[in-house]
>>> print(open('structure_21.cif').read())   # mmCIF, C-alpha atoms
data_query
#
loop_
_atom_site.label_atom_id
_atom_site.label_comp_id
_atom_site.auth_asym_id
_atom_site.auth_seq_id
_atom_site.Cartn_x
_atom_site.Cartn_y
_atom_site.Cartn_z
CA MET A 123 12.58 -43.60 40.77
CA VAL A 124 14.22 -46.96 41.51
CA TYR A 125 10.90 -48.31 42.79
CA CYS A 126 9.16 -47.12 39.64
CA PHE A 127 11.75 -48.87 37.49
CA ALA A 128 11.46 -52.07 39.56
CA LEU A 129 7.67 -51.97 39.19
CA VAL A 130 7.95 -51.56 35.41
CA VAL A 131 10.41 -54.47 35.18
CA ALA A 132 8.13 -56.68 37.32
CA CYS A 133 5.10 -55.80 35.19
CA CYS A 134 7.04 -56.50 31.99
CA ILE A 135 8.15 -59.90 33.29
CA ALA A 136 4.54 -60.70 34.25
CA ALA A 137 3.33 -59.68 30.78
CA ILE A 138 5.97 -61.85 29.08
CA ILE A 139 5.03 -64.85 31.24
CA LEU A 140 1.29 -64.40 30.64
CA SER A 141 1.77 -63.97 26.90
CA GLY A 142 4.25 -66.83 26.69
CA THR A 143 1.93 -69.22 28.51
CA TRP A 144 -1.02 -68.15 26.35
CA ASN A 145 -3.05 -66.98 29.32
CA LYS A 146 -6.62 -66.42 28.10
CA ARG A 147 -7.19 -63.47 30.42
CA TYR A 148 -4.06 -61.74 29.09
CA PHE A 149 -5.27 -62.09 25.50
CA SER A 150 -8.67 -60.62 26.39
CA THR A 151 -7.20 -57.54 28.12
CA GLY A 152 -5.68 -54.40 26.72
CA PHE A 153 -7.21 -51.47 24.90
CA PRO A 154 -8.64 -52.59 21.54
CA ILE A 155 -6.77 -50.52 18.95
CA TYR A 156 -7.38 -52.66 15.86
CA ALA A 157 -10.56 -54.43 14.77
CA LYS A 158 -11.67 -56.20 11.62
CA LYS A 159 -15.00 -58.04 11.29
CA ILE A 160 -15.66 -60.86 8.83
CA SER A 161 -19.04 -62.40 7.98
CA CYS A 162 -18.80 -66.07 8.78
CA THR A 163 -21.42 -68.81 8.45
CA HIS A 164 -19.71 -71.24 10.82
CA ASN A 165 -17.17 -71.33 13.64
CA PRO A 166 -13.84 -71.72 11.84
CA ILE A 167 -11.74 -71.78 15.00
CA ASN A 168 -10.34 -75.28 15.15
CA GLN A 169 -6.95 -76.99 15.10
CA GLU A 170 -6.87 -77.13 11.29
CA ILE A 171 -7.25 -73.37 10.80
CA ILE A 172 -4.84 -72.64 13.66
CA GLU A 173 -2.24 -74.89 12.03
CA ARG A 174 -2.82 -73.21 8.66
CA LEU A 175 -2.39 -69.79 10.29
CA ASN A 176 0.83 -70.92 11.99
CA VAL A 177 2.22 -72.19 8.70
CA ARG A 178 1.09 -69.17 6.66
CA PHE A 179 2.51 -66.59 9.07
CA ALA A 180 5.60 -68.48 10.26
CA SER A 181 8.29 -67.15 7.96
CA MET A 182 8.00 -63.53 7.07
CA VAL A 183 10.38 -60.62 6.76
CA TRP A 184 9.30 -59.73 10.27
CA THR A 185 9.20 -62.09 13.23
CA GLY A 186 6.62 -64.81 12.58
CA LEU A 187 3.21 -64.85 14.20
CA ALA A 188 2.21 -67.66 16.53
CA PHE A 189 -1.44 -68.74 16.95
CA ARG A 190 -2.95 -70.77 19.79
CA ASP A 191 -6.42 -72.04 20.64
CA LEU A 192 -7.87 -70.22 23.67
CA GLY A 193 -11.27 -71.94 23.70
CA PRO A 194 -14.00 -73.15 21.38
CA THR A 195 -14.60 -69.68 19.89
CA GLU A 196 -11.26 -67.92 20.49
CA CYS A 197 -7.74 -68.00 19.17
CA GLY A 198 -4.90 -65.78 20.42
CA PHE A 199 -1.91 -64.66 18.39
CA ARG A 200 1.28 -62.72 18.91
CA GLU A 201 4.79 -62.35 17.54
CA LYS A 202 6.94 -65.40 18.19
CA PHE A 203 9.49 -65.19 20.98
CA PHE A 204 13.20 -65.58 20.20
CA GLN A 205 12.81 -65.52 16.43
CA PHE A 206 15.13 -62.78 15.30
CA ARG A 207 14.96 -61.26 11.86
CA PHE A 208 16.83 -58.50 10.09
CA LEU A 209 13.84 -56.18 10.63
CA ASN A 210 12.48 -56.34 14.15
CA TYR A 211 10.31 -54.24 16.47
CA THR A 212 8.75 -54.40 19.91
CA PRO A 213 5.06 -55.25 19.42
CA ILE A 214 2.55 -52.83 20.86
CA MET A 215 -0.40 -55.21 20.49
CA HIS A 216 -1.37 -58.86 20.59
CA GLY A 217 -4.31 -60.35 18.74
CA VAL A 218 -7.38 -62.41 19.45
CA ILE A 219 -9.73 -63.96 16.92
CA THR A 220 -13.27 -64.55 18.18
CA TYR A 221 -16.35 -66.09 16.62
CA ASP A 222 -19.79 -64.69 17.52
CA ALA A 223 -22.45 -67.20 16.46
CA ALA A 224 -25.34 -64.80 17.17
CA ARG A 225 -23.94 -62.32 14.64
CA SER A 226 -22.37 -64.90 12.31
CA GLU A 227 -19.19 -62.87 12.62
CA LEU A 228 -15.50 -63.47 13.07
CA SER A 229 -13.51 -60.64 14.69
CA VAL A 230 -9.77 -60.01 14.56
CA ILE A 231 -8.97 -57.70 17.46
CA GLY A 232 -5.62 -56.12 18.29
CA ARG A 233 -5.24 -55.21 21.96
CA THR A 234 -2.43 -53.17 23.49
CA ASN A 235 0.39 -55.07 25.10
CA TRP A 236 1.16 -54.02 28.65
CA THR A 237 4.91 -53.61 28.25
CA PRO A 238 4.97 -50.55 25.93
CA LEU A 239 2.42 -48.80 28.14
CA PHE A 240 4.65 -49.31 31.19
CA PHE A 241 7.71 -48.04 29.37
CA VAL A 242 5.89 -44.94 28.14
CA ALA A 243 4.62 -44.20 31.65
CA MET A 244 8.11 -44.60 33.08
CA PHE A 245 9.68 -42.53 30.29
CA LEU A 246 7.22 -39.67 30.66
CA GLY A 247 7.48 -39.83 34.46
CA THR A 248 11.25 -39.54 34.19
CA LEU A 249 10.97 -36.54 31.87
CA ALA A 250 8.44 -34.81 34.09
CA SER A 251 10.59 -35.25 37.20
CA SER A 252 13.86 -34.16 35.54
CA GLY A 253 13.17 -30.44 36.05
CA GLY A 254 15.13 -27.73 34.28
CA THR A 255 14.20 -24.67 32.28
CA THR A 256 13.40 -26.47 29.03
CA ILE A 257 11.22 -29.20 30.51
CA GLY A 258 8.20 -28.21 28.38
CA GLU A 259 10.21 -28.41 25.18
CA SER A 260 11.86 -31.70 26.22
CA VAL A 261 8.53 -33.27 27.03
CA ALA A 262 7.03 -32.10 23.73
CA ILE A 263 9.93 -33.59 21.75
CA ALA A 264 9.82 -36.84 23.73
CA VAL A 265 6.05 -37.18 23.33
CA ALA A 266 6.33 -36.54 19.57
CA ALA A 267 9.10 -39.16 19.30
CA VAL A 268 7.11 -41.75 21.26
CA ILE A 269 3.99 -41.10 19.18
CA GLY A 270 6.02 -41.37 15.97
CA ILE A 271 7.71 -44.64 16.96
CA PHE A 272 4.48 -46.19 18.24
CA GLY A 273 2.66 -45.00 15.12
CA MET A 274 5.16 -46.76 12.85
CA ILE A 275 4.99 -49.98 14.89
CA TYR A 276 1.18 -49.80 14.91
CA LEU A 277 1.12 -49.45 11.11
CA ILE A 278 3.39 -52.48 10.71
CA GLN A 279 1.23 -54.56 13.02
CA ALA A 280 -2.05 -53.30 11.56
CA VAL A 281 -0.93 -54.45 8.11
CA ARG A 282 0.01 -57.85 9.53
CA PHE A 283 -3.29 -58.17 11.42
CA LYS A 284 -5.16 -57.22 8.25
CA LYS A 285 -3.35 -60.05 6.43
CA VAL A 286 -4.60 -62.44 9.14
CA ALA A 287 -8.16 -61.15 8.61
CA THR A 288 -7.81 -61.48 4.83
CA PHE A 289 -6.55 -65.05 5.20
CA LEU A 290 -9.55 -65.88 7.41
CA ALA A 291 -11.97 -64.23 4.95
CA GLU A 292 -10.47 -66.25 2.08
CA SER A 293 -10.74 -69.43 4.16
CA GLU A 294 -14.40 -68.63 4.85
CA ALA A 295 -15.01 -68.08 1.12
CA GLU A 296 -13.40 -71.46 0.34
CA HIS A 297 -15.58 -73.12 2.99
CA SER A 298 -18.72 -71.51 1.56
CA LEU A 299 -17.86 -72.71 -1.94
CA LYS A 300 -17.28 -76.27 -0.71
CA ALA A 301 -20.55 -76.21 1.24
CA HIS A 302 -22.56 -75.34 -1.87
#
>>> encode(input="structure_21.cif", output="structure tokens")
Amino acid sequence: MVYCFALVVACCIAAIILSGTWNKRYFSTGFPIYAKKISCTHNPINQEIIERLNVRFASMVWTGLAFRDLGPTECGFREKFFQFRFLNYTPIMHGVITYDAARSELSVIGRTNWTPLFFVAMFLGTLASSGGTTIGESVAIAVAAVIGIFGMIYLIQAVRFKKVATFLAESEAEHSLKAH
């Protein structure tokens, strides 16, 4: 069990480092659990829009979102580190915004963070190895609790990601009006 815990801690540290250094591979991995597509006539991913996103989503009730350029057609985003608010949560996903010129489409994708997956695996592994006569009931309660907590966090983040997509759609509409 100690080795399992050490492995989870090591994986969590690796995930924090990769996210904190804006590693492009980190932002393109994880199960996609949120997606919003926006029709877009041009590639809006540039320093100006990234700065506008950083300003718009900096001070919220929740921890602010940070945005960073990952390449000519990609922008990653996640909750800011070390910005504590009255209402806080452990994020279960990070985001990436991509532009697909062939489809004239901008995508806002939420991918699972690694850390919650490791904690769930460790938690369920601990429950399964604890033994006892009520193990089935304990596991059922624990699974329901984990699903409930993750469901609430997902809903919070999905609303926030949708606001990012709405902001980008409004920016695209402004650009289209200026172009005509």
>>> closest_atom_pairs(input="structure_21.cif", of="range 177-289 of chain A", to="range 123-142 of chain A", cutoff="8 Å", atoms="only C-alpha atoms", output="JSON lines")
{"residue": "A:Phe203", "atom": "CA", "partner": "A:Gly142", "partner_atom": "CA", "distance": 7.9}
{"residue": "A:Asn235", "atom": "CA", "partner": "A:Ala137", "partner_atom": "CA", "distance": 7.9}
{"residue": "A:Trp236", "atom": "CA", "partner": "A:Ala137", "partner_atom": "CA", "distance": 6.4}
{"residue": "A:Thr237", "atom": "CA", "partner": "A:Cys134", "partner_atom": "CA", "distance": 5.2}
{"residue": "A:Phe240", "atom": "CA", "partner": "A:Val130", "partner_atom": "CA", "distance": 5.8}
{"residue": "A:Phe241", "atom": "CA", "partner": "A:Val130", "partner_atom": "CA", "distance": 7.0}
{"residue": "A:Met244", "atom": "CA", "partner": "A:Cys126", "partner_atom": "CA", "distance": 7.1}
{"residue": "A:Thr248", "atom": "CA", "partner": "A:Met123", "partner_atom": "CA", "distance": 7.8}
>>> resolve_selection(input="structure_21.cif", expression="the PyMOL selection byres ((chain A and resi 183-194) around 7)", output="VMD selection string")
chain A and resid 146 167 172 175 to 176 179 to 182 195 to 202 205 to 207 209 to 210
>>> closest_residue(input="structure_21.cif", among="A:Val265, A:Leu246, A:Ile171, A:Ala280", to="Gly232 in chain A", atoms="only C-alpha atoms")
A:Ala280
>>> resolve_selection(input="structure_21.cif", expression="the PyMOL selection byres ((chain A and resi 287) around 8)", output="mmCIF file with C-alpha atoms, keeping the file's coordinate frame")
data_model
loop_
_atom_site.group_PDB
_atom_site.id
_atom_site.type_symbol
_atom_site.label_atom_id
_atom_site.label_comp_id
_atom_site.auth_asym_id
_atom_site.auth_seq_id
_atom_site.Cartn_x
_atom_site.Cartn_y
_atom_site.Cartn_z
ATOM 1 C CA LYS A 158 -11.670 -56.200 11.620
ATOM 2 C CA LYS A 159 -15.000 -58.040 11.290
ATOM 3 C CA ILE A 160 -15.660 -60.860 8.830
ATOM 4 C CA VAL A 230 -9.770 -60.010 14.560
ATOM 5 C CA PHE A 283 -3.290 -58.170 11.420
ATOM 6 C CA LYS A 284 -5.160 -57.220 8.250
ATOM 7 C CA LYS A 285 -3.350 -60.050 6.430
ATOM 8 C CA VAL A 286 -4.600 -62.440 9.140
ATOM 9 C CA THR A 288 -7.810 -61.480 4.830
ATOM 10 C CA PHE A 289 -6.550 -65.050 5.200
ATOM 11 C CA LEU A 290 -9.550 -65.880 7.410
ATOM 12 C CA ALA A 291 -11.970 -64.230 4.950
#
>>> atom_distance(input="structure_21.cif", atom1="CA of Ile275 in chain A", atom2="CA of Ile219 in chain A")
20.4 Å
>>> closest_residue(input="structure_21.cif", among="A:Tyr221, A:Phe153, A:Tyr276, A:Phe245", to="Asn165 in chain A", atoms="all atoms listed in the file")
A:Tyr221
